[in-house]
Each structure stands twice: as C-alpha cells, then as structure tokens.
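Colleague: Got a structure for you, written out below as structure tokens; questions coming shortly.
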Amino acid sequence: MSGIVIEATGVERTFVARRQTVHALGPVDLSIHRGQFVAIVGPSGCGKSTLLRIVAGLAAPTVGEVVIDRHDPRAPLCSMVFQDYGIFPWKTVLANVRLPLDIAGVPRREANAAARDWIDRAGVSGFESAYPATLSGGMRQRVALARAFVANPEILLMDEPFAALDAQLRLVLQQELLRVWEAHRRTILFVTHSIDEALLLADRVVVLSSRPGRILDDIEVPFARPRTRAVRSETEFGALEERIWRLLKGEVEEVERAHDVA
Ligand SMILES: Nc1ncnc2c1ncn2[C@@H]1O[C@H](COP(=O)(O)OP(=O)(O)OP(=O)(O)O)[C@@H](O)[C@H]1O
C-alpha cells in the first residue's frame, strides 16, 4: 500500500449556536492511504459531514490538525459530491462537467475532450447539450460523478451521494462507481448511512460513535476486487454487517435513553 495521504490527528470540532456549544466531532485520529476507498458510517448528527468538510478545508478543526500529502501540487486537492448533486441548473451537462477544468484554466478544446471522456465513462453520453432539469435524479448524479472525477483531484469526498436515489438506481450507481473507481483508484472518503453500501464499496469502514463522533471501529473489508453485488451473499459480508450494526444500534439506543432521561 502506498503512502498516507490524509492524516488527521486529534481532530475535534465544536460549534456555538444560540449561545449553546455543540461538541460535534472528535477527538478523531485517522490515517488514510493513497488510493484507499474509506467509508464513514455513524448515527445521524455524529459529525460525518463535519469531518468531510474539515478534510476539504471548508471548515477548520477547533482542536487538532489534518495534514494532506499532496502528490501533484497542480492537481486540485478535493472534489466533493453531495446527495443533492450540486450541479448548476443553468449549465449544460458538458459545461457542468467541464467546470473544474474551466476554473483551472485548461484550454477549451482539451477541457471539452476530457469532459466528454468522463461523460462517456459515467454513462451520460448523448446528453452533453441537455440541462439538468431535463434529466432524472440518477442521470444528474452521474453528471456530478463525472465532474468530480474529471478534475483528477487528490481526494474525492462523497457525502451520501446516492441517498436521494431510489433503491434500484442506487444499485446501478454503486456498481458504476465501483467500475470507475477500480479503473482509476483515487482516494475516496465516502459518508453513508448504509452499512450495506459501505461494505460493498469500501476497502475500509470507519464507524463513528454518536455525537461527538469518535472512532468506534475501523474495519478492513476483505472482499476481492473487482467487486459486484455478489459479495453480499458471502458469509463474511453478513458477519461484518452484523458487527457494524451492533455498534451503531448501541449508539442510537444510548442517545434515545439520554433523551428519555432529559
Ligand atoms: N454550522 C453549524 N453550526 C452549528 N451546529 C452545526 C453546524 N454544522 C453542524 N452542526 C452540528 O454538528 C453536529 C454534527 O453535524 P454533521 O452534519 O457533521 O453530522 P452528520 O453525521 O453528517 O449528520 P447526518 O448523518 O444527519 O447527515 C450536528 O449536531 C449539527 O447540528
């Protein structure tokens, strides 16, 4: 395994809202290797998005630090993919996917070629001139994936990217992401509420406690690649699912007990 690309040490984050201090996250220590696909699961509100935002540099830790080892200083550091696509309704599919390259000042002809290439790999070719409003949710998320990959970022940060999709579409896009990732191993931090999705996609599943999120478990996912949905029928898949579920169930029950007492 190649070197460490993300090193989080003692990371904590608190927010002050309406004169109340919320300890949202940490302390968290986390080392992620280059090219690793890491899923983060945890109860609602435990600080998963906050952790992603800190890695992206969109928020600062209150305590601790995140060090990112840049492989190529010219490449963008992070691309983010969100549940709500984050693509611009007034731009065509081609212009949306090309946007990171436009921002980087890549010449138009080269940018168009790269964007078309990723549009093709993400399975949306033929829709280059379409506007997002005319596309289904699944197609929009494919556009968002193409845009995230085209920038060739050091790290891809994905915050529940498939949560808004219906179950069948979600299966299709999980498979597409696996296919693309297995061909272009990028470092991915992938937040999900789905244990099943985490085990299907990731090399490693980091399980966070309820707020403030701390690491309860860090599990190596042993299934060979390329992976397909067939891994779900392996005995070990069920065992890992159960192990993570028990941890999360315990956390959620504890929060409910605390609410009952309050
Ligand atoms: N800007 C902010 N100001 C105040 N509180 C915040 C802010 N951002 C997040 N929080 C609080 O910090 C905690 C962690 O939020 P975060 O969105 O990181 O959790 P999460 O695990 O991603 O949640 P979910 O699973 O529901 O998406 C929550 O209690 C949230 O209300």
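The chains in the structure tokens are called A, B, ... from first to last as shown; in each chain the residues are counted from 1, and the ligands are counted from 1 in the order shown.
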Excluding same-chain residues fewer than 4 positions from region 50-66 of chain A, what lies within 12 Å of it counting only C-alpha atoms, as an MDAnalysis selection string?
Modeller: chainID A and resid 4:16 22:32 38:42 44:46 76:82 153:160 188:192 206 208 211:215
Colleague: Which polymer residues have any atom within 8 Å of an atom of region 251-260 of chain A, counting only C-alpha atoms, with same-chain residues fewer than 2 positions away left out, as a PyMOL selection string?
Modeller: chain A and resi 43+209-210+247-249+262
Colleague: How about saving the chosen residues, N, CA and C atoms kept, as a PDB file, in the first residue's frame?
Modeller:
ATOM      1  N   PRO A  43     -24.147   7.338  13.461  1.00  0.00           N
ATOM      2  CA  PRO A  43     -25.514   7.818  13.668  1.00  0.00           C
ATOM      3  C   PRO A  43     -25.703   9.234  13.132  1.00  0.00           C
ATOM      4  N   SER A 209     -19.006   6.989  16.598  1.00  0.00           N
ATOM      5  CA  SER A 209     -19.989   6.958  17.697  1.00  0.00           C
ATOM      6  C   SER A 209     -20.996   8.078  17.489  1.00  0.00           C
ATOM      7  N   SER A 210     -22.020   8.108  18.357  1.00  0.00           N
ATOM      8  CA  SER A 210     -22.927   9.253  18.325  1.00  0.00           C
ATOM      9  C   SER A 210     -22.141  10.502  18.747  1.00  0.00           C
ATOM     10  N   LEU A 247     -22.739  -2.126  16.742  1.00  0.00           N
ATOM     11  CA  LEU A 247     -22.100  -0.910  17.253  1.00  0.00           C
ATOM     12  C   LEU A 247     -23.037   0.288  17.113  1.00  0.00           C
ATOM     13  N   LEU A 248     -23.649   0.421  15.932  1.00  0.00           N
ATOM     14  CA  LEU A 248     -24.497   1.596  15.686  1.00  0.00           C
ATOM     15  C   LEU A 248     -25.771   1.537  16.516  1.00  0.00           C
ATOM     16  N   LYS A 249     -26.306   0.328  16.639  1.00  0.00           N
ATOM     17  CA  LYS A 249     -27.532   0.150  17.420  1.00  0.00           C
ATOM     18  C   LYS A 249     -27.291   0.591  18.864  1.00  0.00           C
ATOM     19  N   ALA A 262     -33.732  13.099  29.841  1.00  0.00           N
ATOM     20  CA  ALA A 262     -33.749  14.584  29.806  1.00  0.00           C
ATOM     21  C   ALA A 262     -35.177  15.132  29.919  1.00  0.00           C
TER      22      ALA A 262
END
Colleague: Which residues of region 22-112 of chain A have any atom within 12 Å of an atom in region 137-142 of chain A when counting only C-alpha atoms, and what is the closest pair of atoms for each, with the distance in Å to one decimal? Order the rows by chain and rising number and write it as a Markdown table.
Modeller:
| residue | atom | partner | partner_atom | distance |
| --- | --- | --- | --- | --- |
| A:Val81 | CA | A:Gln141 | CA | 8.5 |
| A:Phe82 | CA | A:Gln141 | CA | 8.8 |
| A:Gln83 | CA | A:Gln141 | CA | 8.2 |
| A:Asp84 | CA | A:Gln141 | CA | 8.1 |
| A:Tyr85 | CA | A:Gln141 | CA | 5.5 |
| A:Gly86 | CA | A:Gln141 | CA | 8.9 |
| A:Ile87 | CA | A:Arg140 | CA | 7.6 |
| A:Phe88 | CA | A:Arg140 | CA | 10.2 |
| A:Pro89 | CA | A:Arg140 | CA | 10.1 |
| A:Thr92 | CA | A:Arg140 | CA | 11.1 |
| A:Val93 | CA | A:Arg140 | CA | 8.6 |
| A:Leu94 | CA | A:Arg140 | CA | 12.0 |
| A:Asn96 | CA | A:Arg140 | CA | 10.3 |
| A:Val97 | CA | A:Arg142 | CA | 10.0 |
Colleague: Can you write out the residues you just picked, keeping N, CA and C atoms, as a compact mmCIF listing (two decimals), in the first residue's frame?
Modeller:
# COMPACT_ATOMS: atom_id res chain seq x y z
N VAL A 81 -18.83 15.41 -3.77
CA VAL A 81 -20.10 15.01 -4.39
C VAL A 81 -21.12 14.91 -3.26
N PHE A 82 -22.25 15.61 -3.44
CA PHE A 82 -23.27 15.64 -2.39
C PHE A 82 -24.50 14.87 -2.83
N GLN A 83 -25.36 14.66 -1.85
CA GLN A 83 -26.65 14.00 -2.10
C GLN A 83 -27.48 14.77 -3.13
N ASP A 84 -27.41 16.12 -3.07
CA ASP A 84 -28.27 16.92 -3.95
C ASP A 84 -27.53 17.35 -5.22
N TYR A 85 -26.62 16.54 -5.64
CA TYR A 85 -25.90 16.69 -6.93
C TYR A 85 -24.95 17.88 -6.99
N GLY A 86 -25.40 19.06 -6.60
CA GLY A 86 -24.53 20.23 -6.64
C GLY A 86 -24.14 20.64 -8.05
N ILE A 87 -24.98 20.29 -9.02
CA ILE A 87 -24.65 20.74 -10.38
C ILE A 87 -25.50 21.97 -10.71
N PHE A 88 -25.03 22.76 -11.66
CA PHE A 88 -25.68 24.04 -11.92
C PHE A 88 -26.78 23.89 -12.96
N PRO A 89 -28.02 24.32 -12.59
CA PRO A 89 -29.15 24.12 -13.50
C PRO A 89 -29.04 24.92 -14.79
N THR A 92 -25.24 23.38 -19.25
CA THR A 92 -25.49 22.08 -19.87
C THR A 92 -24.65 21.02 -19.16
N VAL A 93 -24.93 19.76 -19.49
CA VAL A 93 -24.15 18.65 -18.91
C VAL A 93 -22.67 18.85 -19.23
N LEU A 94 -22.37 19.18 -20.47
CA LEU A 94 -20.96 19.34 -20.85
C LEU A 94 -20.32 20.47 -20.04
N ASN A 96 -21.26 21.68 -17.16
CA ASN A 96 -21.16 21.30 -15.75
C ASN A 96 -19.92 20.43 -15.51
N VAL A 97 -19.74 19.44 -16.37
CA VAL A 97 -18.63 18.51 -16.16
C VAL A 97 -17.29 19.22 -16.41
Colleague: Would you please extract all strand (DSSP E) residues from region 51-193 of chain A, as assigned by DSSP on the backbone, and give them as a list in words?
Modeller: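 The strand (DSSP E) residues within region 51-193 of chain A come out as Val63, Gly64, Glu65, Val66, Val67, Ile68, Cys78, Ser79, Met80, Val81, Phe82, Ile155, Leu156, Leu157, Met158, Asp159, Thr187, Ile188, Leu189, Phe190 and Val191 of chain A.
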Colleague: Counting only C-alpha atoms, figure out which residue out of A:Ala17, A:Ala111, A:Val106, A:Ala95 gets nearest to Val143 (chain A).
Modeller: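 Of all the options, A:Ala95 lies closest to Val143 (chain A).
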Colleague: Any idea what's packed within 10 Å of Gly238 (chain A), counting only C-alpha atoms, ignoring anything in its chain fewer than 5 positions away? Could you give it as a ChimeraX atom specification?
Modeller: /A:196,199,231-233,243
Colleague: Please produce a file of the residues just selected, as an mmCIF file, in the first residue's frame, where the atoms kept are C-alpha atoms.
Modeller:
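The new file part13.cif reads:
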data_model
loop_
_atom_site.group_PDB
_atom_site.id
_atom_site.type_symbol
_atom_site.label_atom_id
_atom_site.label_comp_id
_atom_site.auth_asym_id
_atom_site.auth_seq_id
_atom_site.Cartn_x
_atom_site.Cartn_y
_atom_site.Cartn_z
ATOM 1 C CA ASP A 196 -24.514 -2.434 3.081
ATOM 2 C CA LEU A 199 -19.246 -2.874 2.765
ATOM 3 C CA VAL A 231 -20.271 -10.092 -2.353
ATOM 4 C CA ARG A 232 -23.478 -9.578 -0.425
ATOM 5 C CA SER A 233 -24.066 -13.298 -0.420
ATOM 6 C CA ARG A 243 -20.712 -6.272 13.704
#
Colleague: For the alpha helix (DSSP H) assignment from backbone DSSP, which residues of region 13-103 of chain A qualify? Please present them as a list in words.
Modeller: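 Of region 13-103 of chain A, the ones in alpha helix (DSSP H) are Lys48, Ser49, Thr50, Leu51, Leu52, Arg53, Ile54, Val55, Ala56, Val93, Leu94, Ala95, Asn96, Val97, Arg98, Leu99, Pro100, Leu101, Asp102 and Ile103 of chain A.
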Colleague: Can I get the selected residues back with C-alpha atoms, as a PDB file, in the first residue's frame?
Modeller:
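File produced: again-v3.pdb:
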ATOM      1  CA  LYS A  48     -19.598  12.811   9.466  1.00  0.00           C
ATOM      2  CA  SER A  49     -20.186  15.807   7.192  1.00  0.00           C
ATOM      3  CA  THR A  50     -18.170  17.983   9.543  1.00  0.00           C
ATOM      4  CA  LEU A  51     -15.220  15.594   9.202  1.00  0.00           C
ATOM      5  CA  LEU A  52     -15.511  15.715   5.406  1.00  0.00           C
ATOM      6  CA  ARG A  53     -15.688  19.498   5.418  1.00  0.00           C
ATOM      7  CA  ILE A  54     -12.590  19.682   7.607  1.00  0.00           C
ATOM      8  CA  VAL A  55     -10.659  17.392   5.232  1.00  0.00           C
ATOM      9  CA  ALA A  56     -11.850  19.546   2.310  1.00  0.00           C
ATOM     10  CA  VAL A  93     -24.151  18.655 -18.914  1.00  0.00           C
ATOM     11  CA  LEU A  94     -20.956  19.340 -20.848  1.00  0.00           C
ATOM     12  CA  ALA A  95     -20.453  22.740 -19.210  1.00  0.00           C
ATOM     13  CA  ASN A  96     -21.155  21.304 -15.747  1.00  0.00           C
ATOM     14  CA  VAL A  97     -18.626  18.509 -16.158  1.00  0.00           C
ATOM     15  CA  ARG A  98     -16.068  20.853 -17.726  1.00  0.00           C
ATOM     16  CA  LEU A  99     -16.395  23.455 -14.954  1.00  0.00           C
ATOM     17  CA  PRO A 100     -13.420  22.381 -12.781  1.00  0.00           C
ATOM     18  CA  LEU A 101     -11.214  22.427 -15.874  1.00  0.00           C
ATOM     19  CA  ASP A 102     -12.516  25.879 -16.871  1.00  0.00           C
ATOM     20  CA  ILE A 103     -11.698  27.123 -13.389  1.00  0.00           C
TER      21      ILE A 103
END
Colleague: In Å, with one decimal, what is the gap from atom 13 (C, counted along the ligand's line) of ligand 1 to CA of Gly47 (chain A)?
Modeller: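 A separation of 5.0 Å between them.
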